[in-house]
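To be precise, the following lines are model06.pdb, and they hold PDB, C-alpha atoms and all ligand atoms.
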ATOM      1  CA  MET I  11     107.703 115.991  91.393
ATOM      2  CA  LYS I  12     110.300 115.062  94.013
ATOM      3  CA  ASN I  13     112.211 111.901  93.099
ATOM      4  CA  ARG I  14     110.652 111.538  89.677
ATOM      5  CA  ASP I  15     112.296 112.270  86.355
ATOM      6  CA  PHE I  16     110.976 111.349  82.932
ATOM      7  CA  ASP I  17     113.138 111.078  79.843
ATOM      8  CA  TYR I  18     110.029 110.767  77.669
ATOM      9  CA  ASP I  19     106.494 112.084  77.722
ATOM     10  CA  VAL I  20     103.994 109.466  78.932
ATOM     11  CA  LEU I  21     100.378 109.405  80.155
ATOM     12  CA  PRO I  22      99.933 112.050  82.885
ATOM     13  CA  GLU I  23      98.535 109.409  85.274
ATOM     14  CA  ILE I  24     101.724 107.357  84.943
ATOM     15  CA  LYS I  25     103.707 110.441  85.906
ATOM     16  CA  THR I  26     101.630 111.394  88.923
ATOM     17  CA  ARG I  27     100.581 108.023  90.403
ATOM     18  CA  TRP I  28     102.336 106.891  93.513
ATOM     19  CA  SER I  29     101.536 104.873  96.628
ATOM     20  CA  PRO I  30     100.704 107.198  99.514
ATOM     21  CA  ARG I  31      99.890 106.003 103.028
ATOM     22  CA  ALA I  32      98.134 109.166 104.275
ATOM     23  CA  PHE I  33      94.506 108.279 103.554
ATOM     24  CA  ASP I  34      91.638 110.588 104.490
ATOM     25  CA  PRO I  35      89.459 108.599 106.925
ATOM     26  CA  ASN I  36      86.548 111.009 106.472
ATOM     27  CA  ARG I  37      86.169 110.850 102.709
ATOM     28  CA  PRO I  38      84.345 107.779 101.400
ATOM     29  CA  VAL I  39      84.650 106.612  97.796
ATOM     30  CA  ALA I  40      81.463 107.049  95.763
ATOM     31  CA  ASP I  41      80.048 103.863  94.186
ATOM     32  CA  GLU I  42      80.389 105.453  90.740
ATOM     33  CA  ASP I  43      84.150 105.983  91.143
ATOM     34  CA  LEU I  44      84.718 102.606  92.760
ATOM     35  CA  SER I  45      82.854 100.812  89.979
ATOM     36  CA  ALA I  46      84.688 102.808  87.307
ATOM     37  CA  ILE I  47      88.138 101.788  88.497
ATOM     38  CA  PHE I  48      87.124  98.130  88.314
ATOM     39  CA  GLU I  49      85.731  98.816  84.849
ATOM     40  CA  ALA I  50      89.247  99.903  83.895
ATOM     41  CA  ALA I  51      90.624  96.666  85.379
ATOM     42  CA  ARG I  52      88.036  94.738  83.365
ATOM     43  CA  TYR I  53      89.509  95.880  80.071
ATOM     44  CA  ALA I  54      93.026  94.639  80.726
ATOM     45  CA  PRO I  55      94.348  92.097  78.219
ATOM     46  CA  SER I  56      94.764  88.498  79.350
ATOM     47  CA  CYS I  57      95.928  85.146  78.052
ATOM     48  CA  PHE I  58      93.074  83.547  76.001
ATOM     49  CA  ASN I  59      90.971  86.502  77.221
ATOM     50  CA  GLU I  60      90.505  84.418  80.373
ATOM     51  CA  GLN I  61      90.194  87.515  82.630
ATOM     52  CA  PRO I  62      91.355  85.454  85.633
ATOM     53  CA  TRP I  63      91.296  88.399  88.088
ATOM     54  CA  LEU I  64      88.876  88.355  91.016
ATOM     55  CA  PHE I  65      88.605  91.286  93.402
ATOM     56  CA  LEU I  66      87.231  90.975  96.898
ATOM     57  CA  VAL I  67      86.136  94.549  97.684
ATOM     58  CA  SER I  68      84.907  95.998 100.973
ATOM     59  CA  ARG I  69      81.654  97.748 100.250
ATOM     60  CA  ASP I  70      80.567  97.548 103.901
ATOM     61  CA  GLU I  71      82.252  98.014 107.265
ATOM     62  CA  GLU I  72      82.106  94.336 108.213
ATOM     63  CA  THR I  73      84.041  93.186 105.125
ATOM     64  CA  ARG I  74      86.468  96.084 105.524
ATOM     65  CA  ASN I  75      87.195  95.021 109.094
ATOM     66  CA  LYS I  76      87.695  91.395 108.055
ATOM     67  CA  ILE I  77      90.197  92.390 105.341
ATOM     68  CA  PHE I  78      91.882  94.799 107.762
ATOM     69  CA  ASP I  79      92.404  91.963 110.261
ATOM     70  CA  CYS I  80      94.345  90.032 107.595
ATOM     71  CA  LEU I  81      96.905  92.843 107.083
ATOM     72  CA  THR I  82     100.279  92.881 108.808
ATOM     73  CA  GLU I  83     100.609  95.196 111.783
ATOM     74  CA  SER I  84     102.909  97.526 109.836
ATOM     75  CA  ASN I  85     100.289  97.959 107.107
ATOM     76  CA  GLN I  86      97.451  98.318 109.622
ATOM     77  CA  LYS I  87      99.196 101.418 111.012
ATOM     78  CA  TRP I  88      98.258 103.412 107.924
ATOM     79  CA  ALA I  89      95.618 101.294 106.133
ATOM     80  CA  LYS I  90      93.266 101.887 109.072
ATOM     81  CA  ASN I  91      92.364 105.201 107.439
ATOM     82  CA  ALA I  92      91.658 103.810 103.952
ATOM     83  CA  PRO I  93      87.887 103.762 103.336
ATOM     84  CA  VAL I  94      88.057 100.813 100.919
ATOM     85  CA  LEU I  95      90.204  97.691 101.262
ATOM     86  CA  ALA I  96      90.393  94.908  98.705
ATOM     87  CA  ILE I  97      92.101  91.594  98.028
ATOM     88  CA  MET I  98      93.328  90.868  94.517
ATOM     89  CA  MET I  99      93.058  87.252  93.456
ATOM     90  CA  GLY I 100      93.296  85.215  90.276
ATOM     91  CA  LYS I 101      91.843  81.938  89.067
ATOM     92  CA  SER I 102      94.731  79.561  88.428
ATOM     93  CA  THR I 103      92.970  77.305  85.913
ATOM     94  CA  PHE I 104      91.562  78.069  82.464
ATOM     95  CA  ALA I 105      87.764  77.940  82.155
ATOM     96  CA  HIS I 106      87.898  76.314  78.696
ATOM     97  CA  ASN I 107      90.061  73.278  79.584
ATOM     98  CA  GLN I 108      90.662  73.370  83.372
ATOM     99  CA  LYS I 109      94.433  73.327  82.731
ATOM    100  CA  ASN I 110      96.893  75.421  84.720
ATOM    101  CA  ASN I 111      96.863  79.073  83.628
ATOM    102  CA  ARG I 112     100.510  80.008  84.019
ATOM    103  CA  TRP I 113      99.696  83.666  83.313
ATOM    104  CA  HIS I 114      96.922  84.243  85.840
ATOM    105  CA  GLN I 115      99.063  86.305  88.194
ATOM    106  CA  PHE I 116     100.597  88.232  85.310
ATOM    107  CA  ASP I 117      97.130  89.097  83.964
ATOM    108  CA  THR I 118      95.797  90.045  87.393
ATOM    109  CA  GLY I 119      98.776  92.361  87.801
ATOM    110  CA  THR I 120      97.970  94.017  84.490
ATOM    111  CA  SER I 121      94.368  94.608  85.573
ATOM    112  CA  TRP I 122      95.474  96.191  88.857
ATOM    113  CA  GLY I 123      97.797  98.440  86.852
ATOM    114  CA  TYR I 124      94.847  99.637  84.772
ATOM    115  CA  LEU I 125      92.840 100.148  87.968
ATOM    116  CA  THR I 126      95.511 102.331  89.545
ATOM    117  CA  LEU I 127      95.714 104.611  86.522
ATOM    118  CA  GLU I 128      91.941 105.119  86.314
ATOM    119  CA  ALA I 129      91.930 105.761  90.075
ATOM    120  CA  GLU I 130      94.636 108.383  89.592
ATOM    121  CA  ARG I 131      92.628 110.035  86.816
ATOM    122  CA  ARG I 132      89.692 110.305  89.234
ATOM    123  CA  GLY I 133      91.765 111.816  92.026
ATOM    124  CA  LEU I 134      91.774 108.622  94.095
ATOM    125  CA  ILE I 135      94.871 107.104  95.652
ATOM    126  CA  THR I 136      95.728 103.394  95.713
ATOM    127  CA  HIS I 137      98.329 101.406  97.627
ATOM    128  CA  GLY I 138      99.108  97.749  96.902
ATOM    129  CA  MET I 139     100.191  95.461  99.729
ATOM    130  CA  GLY I 140     102.009  92.149  99.908
ATOM    131  CA  GLY I 141     101.987  92.384 103.704
ATOM    132  CA  PHE I 142      98.984  90.325 104.764
ATOM    133  CA  SER I 143      98.155  86.743 105.700
ATOM    134  CA  VAL I 144      97.137  84.689 102.668
ATOM    135  CA  ASP I 145      96.010  81.860 104.966
ATOM    136  CA  LYS I 146      93.809  84.179 106.980
ATOM    137  CA  VAL I 147      92.170  85.588 103.828
ATOM    138  CA  ARG I 148      91.564  82.065 102.527
ATOM    139  CA  GLU I 149      90.043  80.972 105.816
ATOM    140  CA  THR I 150      88.001  84.123 106.537
ATOM    141  CA  PHE I 151      86.449  84.357 103.081
ATOM    142  CA  LYS I 152      86.458  80.622 102.253
ATOM    143  CA  VAL I 153      88.485  81.134  99.081
ATOM    144  CA  PRO I 154      88.814  77.876  97.066
ATOM    145  CA  GLU I 155      92.347  76.477  96.517
ATOM    146  CA  GLU I 156      92.267  77.029  92.734
ATOM    147  CA  ILE I 157      92.093  80.784  93.354
ATOM    148  CA  THR I 158      95.464  82.403  94.054
ATOM    149  CA  ILE I 159      95.377  85.154  96.661
ATOM    150  CA  ILE I 160      97.860  87.664  95.281
ATOM    151  CA  ALA I 161      97.873  91.076  96.974
ATOM    152  CA  ALA I 162      95.861  93.484  99.099
ATOM    153  CA  LEU I 163      94.853  96.992  98.096
ATOM    154  CA  ALA I 164      93.847 100.216  99.827
ATOM    155  CA  ILE I 165      91.731 102.783  97.968
ATOM    156  CA  GLY I 166      90.654 106.266  99.032
ATOM    157  CA  TYR I 167      91.615 109.933  98.997
ATOM    158  CA  TYR I 168      94.747 111.705 100.125
ATOM    159  CA  GLY I 169      94.524 113.003 103.682
ATOM    160  CA  ASP I 170      96.910 114.626 106.142
ATOM    161  CA  LYS I 171     100.414 113.179 106.167
ATOM    162  CA  ASP I 172     101.064 114.777 109.561
ATOM    163  CA  GLN I 173      98.704 112.164 111.019
ATOM    164  CA  LEU I 174     101.074 109.336 110.026
ATOM    165  CA  PRO I 175     103.501 107.835 112.558
ATOM    166  CA  ALA I 176     106.904 109.585 112.228
ATOM    167  CA  GLU I 177     108.662 106.666 110.487
ATOM    168  CA  LEU I 178     105.949 106.511 107.813
ATOM    169  CA  LYS I 179     105.754 110.261 107.395
ATOM    170  CA  ALA I 180     109.465 110.249 106.570
ATOM    171  CA  ARG I 181     108.744 107.830 103.681
ATOM    172  CA  GLU I 182     105.663 109.639 102.392
ATOM    173  CA  PHE I 183     106.829 110.591  98.908
ATOM    174  CA  PRO I 184     106.885 108.993  95.438
ATOM    175  CA  GLN I 185     109.617 106.387  95.125
ATOM    176  CA  PRO I 186     112.339 106.823  92.494
ATOM    177  CA  ARG I 187     113.023 104.476  89.604
ATOM    178  CA  LYS I 188     116.149 102.881  88.189
ATOM    179  CA  PRO I 189     117.434 104.477  84.990
ATOM    180  CA  LEU I 190     115.616 103.348  81.826
ATOM    181  CA  ALA I 191     118.752 101.659  80.462
ATOM    182  CA  GLU I 192     118.901  99.294  83.453
ATOM    183  CA  MET I 193     115.620  97.568  82.641
ATOM    184  CA  PHE I 194     116.731  95.910  79.438
ATOM    185  CA  PHE I 195     118.130  92.421  79.378
ATOM    186  CA  VAL I 196     121.072  92.380  77.038
ATOM    187  CA  PRO I 197     122.058  88.857  75.997
ATOM    188  CA  GLU I 198     125.756  88.068  75.937
ATOM    189  CA  ASP I 199     127.344  87.395  72.542
TER     190      ASP I 199
HETATM  191  C1  LIG Q   1     102.671  93.688  94.961
HETATM  192  C2  LIG Q   1     103.001  94.879  95.838
HETATM  193  C3  LIG Q   1     103.168  94.702  97.196
HETATM  194  C4  LIG Q   1     103.428  95.796  98.033
HETATM  195  N1  LIG Q   1     103.446  95.619  99.390
HETATM  196  C5  LIG Q   1     103.460  96.697 100.202
HETATM  197  C6  LIG Q   1     103.220  96.555 101.591
HETATM  198  O1  LIG Q   1     102.964  95.460 102.113
HETATM  199  N2  LIG Q   1     103.264  97.679 102.352
HETATM  200  C7  LIG Q   1     103.504  98.923 101.832
HETATM  201  O2  LIG Q   1     103.486  99.897 102.584
HETATM  202  N3  LIG Q   1     103.704  99.094 100.492
HETATM  203  C8  LIG Q   1     103.671  98.017  99.667
HETATM  204  N4  LIG Q   1     103.800  98.182  98.300
HETATM  205  C9  LIG Q   1     104.053  99.519  97.720
HETATM  206  C10 LIG Q   1     105.450  99.593  97.077
HETATM  207  O3  LIG Q   1     106.414  99.702  98.089
HETATM  208  C11 LIG Q   1     105.498 100.789  96.107
HETATM  209  O4  LIG Q   1     104.604 100.575  95.045
HETATM  210  C12 LIG Q   1     106.901 100.966  95.538
HETATM  211  O5  LIG Q   1     107.791 101.378  96.537
HETATM  212  C13 LIG Q   1     106.924 101.998  94.413
HETATM  213  O6  LIG Q   1     106.438 103.208  94.886
HETATM  214  P1  LIG Q   1     105.271 104.014  94.163
HETATM  215  O7  LIG Q   1     104.089 103.057  94.066
HETATM  216  O8  LIG Q   1     104.984 105.179  95.060
HETATM  217  O9  LIG Q   1     105.743 104.402  92.801
HETATM  218  C14 LIG Q   1     103.558  97.096  97.460
HETATM  219  C15 LIG Q   1     103.405  97.268  96.081
HETATM  220  C16 LIG Q   1     103.118  96.185  95.274
HETATM  221  C17 LIG Q   1     102.890  96.418  93.798
END

Spell out the structure here as structure tokens.
Ligand SMILES: Cc1cc2nc3c(=O)[nH]c(=O)nc-3n(C[C@H](O)[C@H](O)[C@H](O)COP(=O)(O)O)c2cc1C
Amino acid sequence: MKNRDFDYDVLPEIKTRWSPRAFDPNRPVADEDLSAIFEAARYAPSCFNEQPWLFLVSRDEETRNKIFDCLTESNQKWAKNAPVLAIMMGKSTFAHNQKNNRWHQFDTGTSWGYLTLEAERRGLITHGMGGFSVDKVRETFKVPEEITIIAALAIGYYGDKDQLPAELKAREFPQPRKPLAEMFFVPED
């Protein structure tokens, strides 16, 4: 695959997953597949097994439009074709003692990672987004302050990349990674 090299053999879904922008606007996601990818997210590990993640998922056009309106213009250019949009959130306090859960964003990130791999296994594509208005999401969906609004997500099937605006079409390929050796922190003596 262009831009991707693997020094070691890993799960096939890790090798093939990437974040496309060319969604097929005419191919909806079946309830079975949508539920299954959240099932995968459900089994992510979390601090104290708190499972702090909360997903706001568009299962109807009205919710999809409301989430869409919260995205930045640059993301709207391509996310308009994604049949399912979601907002990934996490509860910032522990249920058992109401204290701050310092790991709630970490755990929510793990669950989205699981979700993306199950989606890949099912032939779906996913694309995470930081480009959206947190304030608008909070206001539109009346999200309480103790819930952290973390990222947006587009889910669907791969479509026709020729339909993308030219500047996005030019970036429509899996992104490379730094060499493995660069991701280790080596303490100084
Ligand atoms: C938290 C997060 C925020 C991101 N925000 C955006 C975004 O706003 N718009 C966008 O087009 N891509 C966004 N991306 C996609 C990344 O650019 C992409 O995952 C990264 O370049 C690696 O490429 P790959 O997913 O194809 O391996 C985001 C990804 C993550 C995980």

What box, with edges along x, y and z, holds each listed atom of region 182-186 of chain I when 5 Å is added on every side, and can you state its centre and edge lengths in Å to one decimal, as lines of an AutoDock Vina configuration file?
center_x = 109.0
center_y = 108.5
center_z = 97.4
size_x = 16.7
size_y = 14.2
size_z = 19.9

Counting all atoms listed in the file, write as an MDAnalysis selection string all protein and nucleic acid residues lying at most 12 Å from (94.2, 107.4, 106.3) in the file's frame.
-> chainID I and resid 30:38 85:95 135:137 164:175 178:179

Neighbours of ligand LIG 1 (chain Q) within 6 Å, counting all atoms listed in the file, as a list in words?
-> Trp28, Ser29, Asn85, Gly138, Met139, Gly140, Gly141, Ala161, Pro184 and Gln185 of chain I

Evaluate the PyMOL selection byres (((chain I and resi 158) around 8) and not hetatm) against this structure - the residues, as a PDB file with C-alpha atoms, in the coordinates of the input, please.
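Now in part.pdb:
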ATOM      1  CA  MET I  99      93.058  87.252  93.456  1.00  0.00           C
ATOM      2  CA  GLY I 100      93.296  85.215  90.276  1.00  0.00           C
ATOM      3  CA  LYS I 101      91.843  81.938  89.067  1.00  0.00           C
ATOM      4  CA  SER I 102      94.731  79.561  88.428  1.00  0.00           C
ATOM      5  CA  GLN I 115      99.063  86.305  88.194  1.00  0.00           C
ATOM      6  CA  GLU I 155      92.347  76.477  96.517  1.00  0.00           C
ATOM      7  CA  GLU I 156      92.267  77.029  92.734  1.00  0.00           C
ATOM      8  CA  ILE I 157      92.093  80.784  93.354  1.00  0.00           C
ATOM      9  CA  ILE I 159      95.377  85.154  96.661  1.00  0.00           C
ATOM     10  CA  ILE I 160      97.860  87.664  95.281  1.00  0.00           C
TER      11      ILE I 160
END

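Near Asp41 (chain I), within 12 Å and counting all atoms listed in the file, sit Pro38, Val39, Asp43, Leu44, Ser45, Ala46, Ile47, Phe48, Val67, Ser68, Arg69, Asp70, Val94 and Gly166 of chain I; same-chain residues fewer than 2 positions away were not included.
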
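Interatomic distance, CA of Lys188 (chain I) to CA of Phe16 (chain I): 11.2 Å.
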
The PyMOL selection byres (((chain I and resi 126-132) around 7) and not hetatm) on the file shown: which residues, as a CSV table (one decimal) with C-alpha atoms, in the coordinates of the input?
chain,number,residue,atom,x,y,z
I,23,GLU,CA,98.5,109.4,85.3
I,24,ILE,CA,101.7,107.4,84.9
I,27,ARG,CA,100.6,108.0,90.4
I,47,ILE,CA,88.1,101.8,88.5
I,50,ALA,CA,89.2,99.9,83.9
I,122,TRP,CA,95.5,96.2,88.9
I,123,GLY,CA,97.8,98.4,86.9
I,124,TYR,CA,94.8,99.6,84.8
I,125,LEU,CA,92.8,100.1,88.0
I,133,GLY,CA,91.8,111.8,92.0
I,134,LEU,CA,91.8,108.6,94.1
I,135,ILE,CA,94.9,107.1,95.7
I,136,THR,CA,95.7,103.4,95.7

Can you give me, as a VMD selection string, the residues this file yields under the PyMOL selection byres (((chain I and resi 60) around 9) and not hetatm)?
-> chain I and resid 55 to 59 61 to 63 104 to 106 111 114 117

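When only C-alpha atoms are used to compute distances to Phe78 (chain I), the closest of the residues I:Ala51, I:Phe183, I:Lys146, I:Met193 turns out to be I:Lys146.
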
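Distance annotation: of I:Arg14, I:Arg187, I:Phe142, I:Leu163, the residue with the minimal separation from Ser84 (chain I) is I:Phe142; atom set is all atoms listed in the file.
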
Which residue out of I:Ile97, I:Arg74, I:Ala54, I:Thr103 has the minimum interatomic distance to Arg148 (chain I) when only C-alpha atoms are used?
-> I:Ile97

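In this structure, CA of Ala96 (chain I) sits 16.6 Å away from CA of Glu42 (chain I).
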
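Taking CA of Met11 (chain I) as the reference point, CA of Lys25 (chain I) is found at 8.8 Å.
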
Please export region 102-122 of chain I as an mmCIF file, in the first residue's frame, restricted to N, CA and C atoms.
data_model
loop_
_atom_site.group_PDB
_atom_site.id
_atom_site.type_symbol
_atom_site.label_atom_id
_atom_site.label_comp_id
_atom_site.auth_asym_id
_atom_site.auth_seq_id
_atom_site.Cartn_x
_atom_site.Cartn_y
_atom_site.Cartn_z
ATOM 1 N N SER I 102 -16.081 12.873 32.649
ATOM 2 C CA SER I 102 -14.819 13.281 33.289
ATOM 3 C C SER I 102 -14.728 12.933 34.770
ATOM 4 N N THR I 103 -15.804 12.395 35.336
ATOM 5 C CA THR I 103 -15.765 12.010 36.754
ATOM 6 C C THR I 103 -16.083 10.522 36.912
ATOM 7 N N PHE I 104 -15.466 9.910 37.923
ATOM 8 C CA PHE I 104 -15.717 8.492 38.199
ATOM 9 C C PHE I 104 -17.110 8.307 38.802
ATOM 10 N N ALA I 105 -17.791 7.245 38.393
ATOM 11 C CA ALA I 105 -19.127 6.956 38.942
ATOM 12 C C ALA I 105 -19.040 6.568 40.417
ATOM 13 N N HIS I 106 -17.943 5.867 40.811
ATOM 14 C CA HIS I 106 -17.908 5.316 42.175
ATOM 15 C C HIS I 106 -17.564 6.354 43.250
ATOM 16 N N ASN I 107 -16.897 7.462 42.879
ATOM 17 C CA ASN I 107 -16.562 8.448 43.925
ATOM 18 C C ASN I 107 -16.688 9.914 43.466
ATOM 19 N N GLN I 108 -17.166 10.103 42.261
ATOM 20 C CA GLN I 108 -17.388 11.452 41.686
ATOM 21 C C GLN I 108 -16.101 12.263 41.545
ATOM 22 N N LYS I 109 -14.939 11.626 41.759
ATOM 23 C CA LYS I 109 -13.674 12.362 41.611
ATOM 24 C C LYS I 109 -13.287 12.454 40.139
ATOM 25 N N ASN I 110 -12.373 13.405 39.851
ATOM 26 C CA ASN I 110 -11.906 13.583 38.484
ATOM 27 C C ASN I 110 -11.299 12.285 37.933
ATOM 28 N N ASN I 111 -11.733 11.884 36.757
ATOM 29 C CA ASN I 111 -11.140 10.728 36.076
ATOM 30 C C ASN I 111 -10.148 11.255 35.051
ATOM 31 N N ARG I 112 -8.879 11.256 35.468
ATOM 32 C CA ARG I 112 -7.813 11.824 34.640
ATOM 33 C C ARG I 112 -7.622 11.038 33.334
ATOM 34 N N TRP I 113 -8.156 9.838 33.262
ATOM 35 C CA TRP I 113 -7.912 8.971 32.112
ATOM 36 C C TRP I 113 -9.112 8.888 31.167
ATOM 37 N N HIS I 114 -10.121 9.745 31.383
ATOM 38 C CA HIS I 114 -11.341 9.540 30.584
ATOM 39 C C HIS I 114 -11.133 9.773 29.089
ATOM 40 N N GLN I 115 -10.240 10.699 28.747
ATOM 41 C CA GLN I 115 -10.005 10.936 27.321
ATOM 42 C C GLN I 115 -9.129 9.827 26.738
ATOM 43 N N PHE I 116 -8.186 9.377 27.539
ATOM 44 C CA PHE I 116 -7.321 8.263 27.133
ATOM 45 C C PHE I 116 -8.185 7.038 26.820
ATOM 46 N N ASP I 117 -9.082 6.708 27.754
ATOM 47 C CA ASP I 117 -9.937 5.518 27.587
ATOM 48 C C ASP I 117 -10.895 5.665 26.402
ATOM 49 N N THR I 118 -11.421 6.859 26.214
ATOM 50 C CA THR I 118 -12.326 7.078 25.078
ATOM 51 C C THR I 118 -11.557 6.911 23.764
ATOM 52 N N GLY I 119 -10.318 7.364 23.763
ATOM 53 C CA GLY I 119 -9.473 7.179 22.576
ATOM 54 C C GLY I 119 -9.225 5.704 22.286
ATOM 55 N N THR I 120 -9.022 4.929 23.348
ATOM 56 C CA THR I 120 -8.824 3.488 23.134
ATOM 57 C C THR I 120 -10.075 2.876 22.506
ATOM 58 N N SER I 121 -11.253 3.271 23.008
ATOM 59 C CA SER I 121 -12.486 2.666 22.492
ATOM 60 C C SER I 121 -12.720 3.052 21.026
ATOM 61 N N TRP I 122 -12.350 4.264 20.661
ATOM 62 C CA TRP I 122 -12.499 4.649 19.240
ATOM 63 C C TRP I 122 -11.513 3.861 18.379
#
